[in-house]
Amino acid sequence: MAVRRFEEITRELDPPFAVADLDAFDSNAADLARRAAGRPIRVATKSVRCRDLLQRVLCTPGFAGLMCYTLAEALWLHREGLSDDILVAYPTADRSALRELAADPVAAASIALMVDSVDHLDLIDAATCSDRPEIRLCLEVDASWRPLPGLHVGTRRSPVHTAAQARRLAESVVRRKAFHLVGLMAYEGQIAGLGDAPSGRPLKAAALRWMQRRSAAELAERRAAVVRAVRALAPLEYVNGGGTGSLEGTAAERAVTEVAAGSGLIGPTLFDGYRAFGPRPAVLYALPVVHRPAARIATVFGGGYLASGPPGADRVPTPHWPAGLQLLATEGAGEVQTPVVGDAARRLRLGDRVWFRHAKERFTHYHLVAADRLTGTAPTYRGEGKSFG
């Protein structure tokens with residue numbers, strides 16, 4: 001849908017506000033399922049953060065289960081009835097949430113916690129009572145590439161890197177009472193989270209593709225060895241891997257039983273730098289022009305909604321409409337105001353809107369649009385008073 005149509009549909013709304021294009025969201029979901037080639041996709045909630053959208057995608061063929069970012073979030077979504085198959089993607093030190101999980105046998109049978117060390121087992125034991133139900137666990141394996149001693153390419157998530165290390169931790173889990181090892185996860189951020197076609201940087205693109213090919217080959221072999229070692233001790237229910245940026249490659253690995261994706265449903269600016277796919281922008285937000293400091297510059301209110309990760313052009317929101325606008329290099333996207341520059345700025349008046357593509361969700365509600373009309377409003381986590389960190 002052209003953004004001009006958004007302008008007409010939302011003309012009665014005062015910015016700032018965000019719009020979710022359900023047609024684009026559904027199109028992105030279908031494309032993710034196509035790319036996963038039959039592997040179930042677990043939905044990464046940290047990139048969506050809206051119950052209505054999570055419910056929508058879980059009703060889409062090819063999607064099954066949630067990957068939450070905190071245990072408190074997982075407990076809330078379970079209570080709300082979204083899923084009985086939830087994986088918490090990051091280890092938790094939330095003792096209150098652990099006690100809540102241990103006190104609810106139904107939740108304990110539905111939610112798996114991430115661990116990568118015996119210390120995590122000790123923390124869970126210390127936070128919960130001895131007669132608790134079994135706690136479901138997923139073992140996280142470091143998926144980074146280490147081509148040379150001391151050289152680490154990828155995210156630093158887990159001390160477990162080799163099959164031998166994974167087996168030792170699995171042995172510790174199966175020996176402990178009231179723990180049940182059900183899954184294994186390895187997220188290859190150096191492949192899934194780095195676009196292989198950065199605009200205007202052909203040498204960097206070539207280097208990234210070289211790294212990603214070799215990293216993927218090494219990881220596929222190592223992940224298979226890890227799975228064999230752990231399955232010898234526990235009949236895993238799932239082996240999770242990948243992300244939006246690496247679905248095809250990860251789904252092709254025989255050792256992987258499911259993949260994960262979330263941000264590909266929204267289509268943020270991060271994915272403008274990938275060759276293999278290009279999700280439609282499904283969430284846009286409008287900001288009002290409040291200053292006209294120069295003929296080719298308009299300044300809008302707010303806008304500094306930055307994504308996590310190293311600072312860079314792929315981590316900031318992008319002016320989307322009117323076409324031809326850019327962030328001002330010396331100011332970027334600011335917490336209170338954001339200047340945009342370009343010939344299109346000459347035509348902007350005070351109160352006009354500039355539409356941006358998200359780098360990260362920051363609104364309390366989405367106005368839902370489908371078939372060229374507003375169909376409703378859905379609260380995000382923020383709108384429901386749930387931040388979860």
# chains A, B, ... in the order shown; residues from 1 in each chain; ligands from 1
call {"tool": "residues_around", "arguments": {"residues": "Ala370 in chain A", "least_positions_apart": "3", "cutoff": "7 Å", "atoms": "only C-alpha atoms", "output": "ChimeraX atom specification"}}
result
/A:21-23,373-375
call {"tool": "residues_around", "arguments": {"residues": "range 225-230 of chain A", "least_positions_apart": "2", "cutoff": "10 Å", "atoms": "only C-alpha atoms", "output": "count of residues only"}}
result
31
call {"tool": "residues_around", "arguments": {"residues": "Leu368 in chain A", "least_positions_apart": "5", "cutoff": "12 Å", "atoms": "only C-alpha atoms", "output": "compact mmCIF listing (two decimals) with N, CA, C and O atoms, in the first residue's frame"}}
result
# COMPACT_ATOMS: atom_id res chain seq x y z
N PHE A 6 -2.00 5.80 3.27
CA PHE A 6 -1.97 5.93 4.73
C PHE A 6 -2.37 7.33 5.14
O PHE A 6 -3.08 7.53 6.13
N ILE A 9 -6.14 7.60 4.93
CA ILE A 9 -6.84 6.76 5.91
C ILE A 9 -6.72 7.33 7.32
O ILE A 9 -7.65 7.23 8.13
N THR A 10 -5.58 7.94 7.64
CA THR A 10 -5.31 8.39 9.01
C THR A 10 -5.43 9.90 9.16
O THR A 10 -4.91 10.47 10.12
N PHE A 17 2.05 8.81 15.75
CA PHE A 17 1.33 7.55 15.88
C PHE A 17 1.96 6.53 14.95
O PHE A 17 2.71 6.89 14.03
N ALA A 18 1.66 5.25 15.19
CA ALA A 18 2.20 4.16 14.38
C ALA A 18 1.07 3.39 13.73
O ALA A 18 -0.02 3.25 14.29
N VAL A 19 1.35 2.89 12.55
CA VAL A 19 0.37 2.12 11.78
C VAL A 19 0.96 0.76 11.45
O VAL A 19 2.14 0.65 11.07
N ALA A 20 0.18 -0.30 11.62
CA ALA A 20 0.57 -1.64 11.20
C ALA A 20 -0.25 -2.03 9.97
O ALA A 20 -1.49 -2.06 10.03
N ASP A 21 0.43 -2.28 8.89
CA ASP A 21 -0.20 -2.68 7.63
C ASP A 21 -0.35 -4.20 7.67
O ASP A 21 0.62 -4.94 7.47
N LEU A 22 -1.57 -4.67 7.93
CA LEU A 22 -1.79 -6.11 8.10
C LEU A 22 -1.56 -6.88 6.80
O LEU A 22 -1.15 -8.05 6.84
N ASP A 23 -1.82 -6.26 5.68
CA ASP A 23 -1.56 -6.94 4.41
C ASP A 23 -0.06 -7.19 4.23
O ASP A 23 0.35 -8.27 3.80
N ALA A 24 0.76 -6.19 4.56
CA ALA A 24 2.20 -6.36 4.47
C ALA A 24 2.69 -7.37 5.51
O ALA A 24 3.57 -8.19 5.23
N PHE A 25 2.13 -7.31 6.72
CA PHE A 25 2.49 -8.26 7.78
C PHE A 25 2.23 -9.69 7.33
O PHE A 25 3.08 -10.57 7.47
N CYS A 50 3.49 -7.13 20.38
CA CYS A 50 2.08 -6.75 20.27
C CYS A 50 1.28 -8.05 20.26
O CYS A 50 1.45 -8.87 19.35
N ASP A 52 -1.83 -8.77 19.63
CA ASP A 52 -2.70 -9.00 18.47
C ASP A 52 -1.91 -9.51 17.27
O ASP A 52 -2.36 -10.42 16.56
N LEU A 53 -0.73 -8.95 17.05
CA LEU A 53 0.08 -9.40 15.93
C LEU A 53 0.66 -10.79 16.19
O LEU A 53 0.78 -11.61 15.26
N ALA A 282 5.98 -3.25 7.26
CA ALA A 282 4.65 -3.53 7.79
C ALA A 282 4.25 -2.58 8.91
O ALA A 282 3.07 -2.52 9.27
N VAL A 283 5.21 -1.90 9.48
CA VAL A 283 4.92 -0.93 10.54
C VAL A 283 5.63 0.37 10.20
O VAL A 283 6.84 0.39 9.95
N LEU A 284 4.87 1.44 10.15
CA LEU A 284 5.40 2.78 9.90
C LEU A 284 4.88 3.71 10.98
O LEU A 284 3.85 3.44 11.61
N TYR A 285 5.61 4.79 11.22
CA TYR A 285 5.09 5.78 12.15
C TYR A 285 5.22 7.18 11.56
O TYR A 285 6.11 7.45 10.75
N ARG A 373 -8.32 0.46 4.67
CA ARG A 373 -9.13 1.10 5.72
C ARG A 373 -8.57 0.77 7.09
O ARG A 373 -7.87 -0.24 7.29
N LEU A 374 -8.87 1.62 8.05
CA LEU A 374 -8.53 1.34 9.45
C LEU A 374 -9.48 0.27 9.97
O LEU A 374 -10.70 0.39 9.84
N THR A 375 -8.91 -0.77 10.55
CA THR A 375 -9.74 -1.87 11.06
C THR A 375 -9.75 -1.95 12.58
O THR A 375 -10.51 -2.74 13.14
N GLY A 376 -8.93 -1.15 13.25
CA GLY A 376 -8.92 -1.19 14.70
C GLY A 376 -7.62 -0.66 15.25
O GLY A 376 -6.77 -0.14 14.51
N THR A 377 -7.46 -0.80 16.55
CA THR A 377 -6.25 -0.37 17.25
C THR A 377 -5.80 -1.48 18.17
O THR A 377 -6.62 -2.07 18.88
N ALA A 378 -4.52 -1.78 18.17
CA ALA A 378 -3.98 -2.85 19.00
C ALA A 378 -2.89 -2.29 19.91
O ALA A 378 -1.97 -1.62 19.42
N PRO A 379 -2.96 -2.56 21.21
CA PRO A 379 -1.90 -2.09 22.10
C PRO A 379 -0.63 -2.91 21.91
O PRO A 379 -0.69 -4.12 21.66
N THR A 380 0.50 -2.26 21.98
CA THR A 380 1.77 -2.96 22.10
C THR A 380 1.96 -3.33 23.56
O THR A 380 1.13 -3.03 24.42
call {"tool": "atom_distance", "arguments": {"atom1": "CA of Phe277 in chain A", "atom2": "CA of Thr45 in chain A"}}
result
20.8 Å
call {"tool": "residues_around", "arguments": {"residues": "range 188-201 of chain A", "least_positions_apart": "4", "cutoff": "8 Å", "atoms": "only C-alpha atoms", "output": "count of residues only"}}
result
25
call {"tool": "atom_distance", "arguments": {"atom1": "CA of Ala252 in chain A", "atom2": "CA of Trp145 in chain A"}}
result
18.9 Å
call {"tool": "closest_residue", "arguments": {"among": "A:Ala29, A:Ala108, A:Val173, A:Leu113", "to": "Asp94 in chain A", "atoms": "only C-alpha atoms"}}
result
A:Leu113
call {"tool": "closest_residue", "arguments": {"among": "A:Glu73, A:Asp125, A:Glu335, A:Asp343", "to": "Phe388 in chain A", "atoms": "only C-alpha atoms"}}
result
A:Glu73
call {"tool": "closest_residue", "arguments": {"among": "A:Ala112, A:Leu328, A:Leu350, A:Pro105", "to": "Glu237 in chain A", "atoms": "only C-alpha atoms"}}
result
A:Ala112
call {"tool": "residues_around", "arguments": {"residues": "Ala109 in chain A", "least_positions_apart": "6", "cutoff": "10 Å", "atoms": "only C-alpha atoms", "output": "number ranges by chain"}}
result
A: 84-86, 101-102, 133-136, 180
call {"tool": "write_last_selection", "arguments": {"atoms": "C-alpha atoms", "output": "PDB file, in the first residue's frame"}}
result
ATOM      1  CA  ASP A  84       1.637 -23.573  25.426  1.00  0.00           C
ATOM      2  CA  ASP A  85       5.026 -23.893  23.694  1.00  0.00           C
ATOM      3  CA  ILE A  86       7.263 -21.054  24.852  1.00  0.00           C
ATOM      4  CA  LEU A 101       6.903 -20.620  37.275  1.00  0.00           C
ATOM      5  CA  ALA A 102       7.611 -23.272  39.909  1.00  0.00           C
ATOM      6  CA  PRO A 133       7.442 -29.474  39.168  1.00  0.00           C
ATOM      7  CA  GLU A 134      10.102 -30.254  36.600  1.00  0.00           C
ATOM      8  CA  ILE A 135      11.634 -27.170  35.008  1.00  0.00           C
ATOM      9  CA  ARG A 136      12.036 -27.486  31.236  1.00  0.00           C
ATOM     10  CA  HIS A 180      14.078 -31.765  32.032  1.00  0.00           C
TER      11      HIS A 180
END
call {"tool": "closest_residue", "arguments": {"among": "A:Val369, A:Leu306, A:Val300, A:Ala186", "to": "Thr338 in chain A", "atoms": "only C-alpha atoms"}}
result
A:Val300
call {"tool": "closest_residue", "arguments": {"among": "A:Cys59, A:Ile124, A:Ala107, A:Ala294", "to": "Pro91 in chain A", "atoms": "only C-alpha atoms"}}
result
A:Ile124
call {"tool": "closest_residue", "arguments": {"among": "A:Val336, A:Ile41, A:Ala30, A:Ile111", "to": "Thr250 in chain A", "atoms": "only C-alpha atoms"}}
result
A:Ile41
call {"tool": "atom_distance", "arguments": {"atom1": "CA of Ala37 in chain A", "atom2": "CA of Gly62 in chain A"}}
result
8.9 Å
call {"tool": "residues_around", "arguments": {"residues": "Ala298 in chain A", "least_positions_apart": "2", "cutoff": "9 Å", "atoms": "only C-alpha atoms", "output": "list of chain:residue names"}}
result
A:Val289, A:Val290, A:His291, A:Arg292, A:Pro293, A:Ala294, A:Ala295, A:Arg296, A:Val300, A:Thr338, A:Pro339, A:Val340, A:Val341, A:Gly342, A:Ala345, A:Arg346, A:Leu348, A:Arg349, A:Leu350
call {"tool": "select_by_dssp", "arguments": {"residues": "range 12-235 of chain A", "states": "helix (DSSP H, G or I)", "output": "PyMOL selection string"}}
result
chain A and resi 22-36+45-47+51-58+71-79+95-102+105-108+118-127+163-175+189-192+202-231
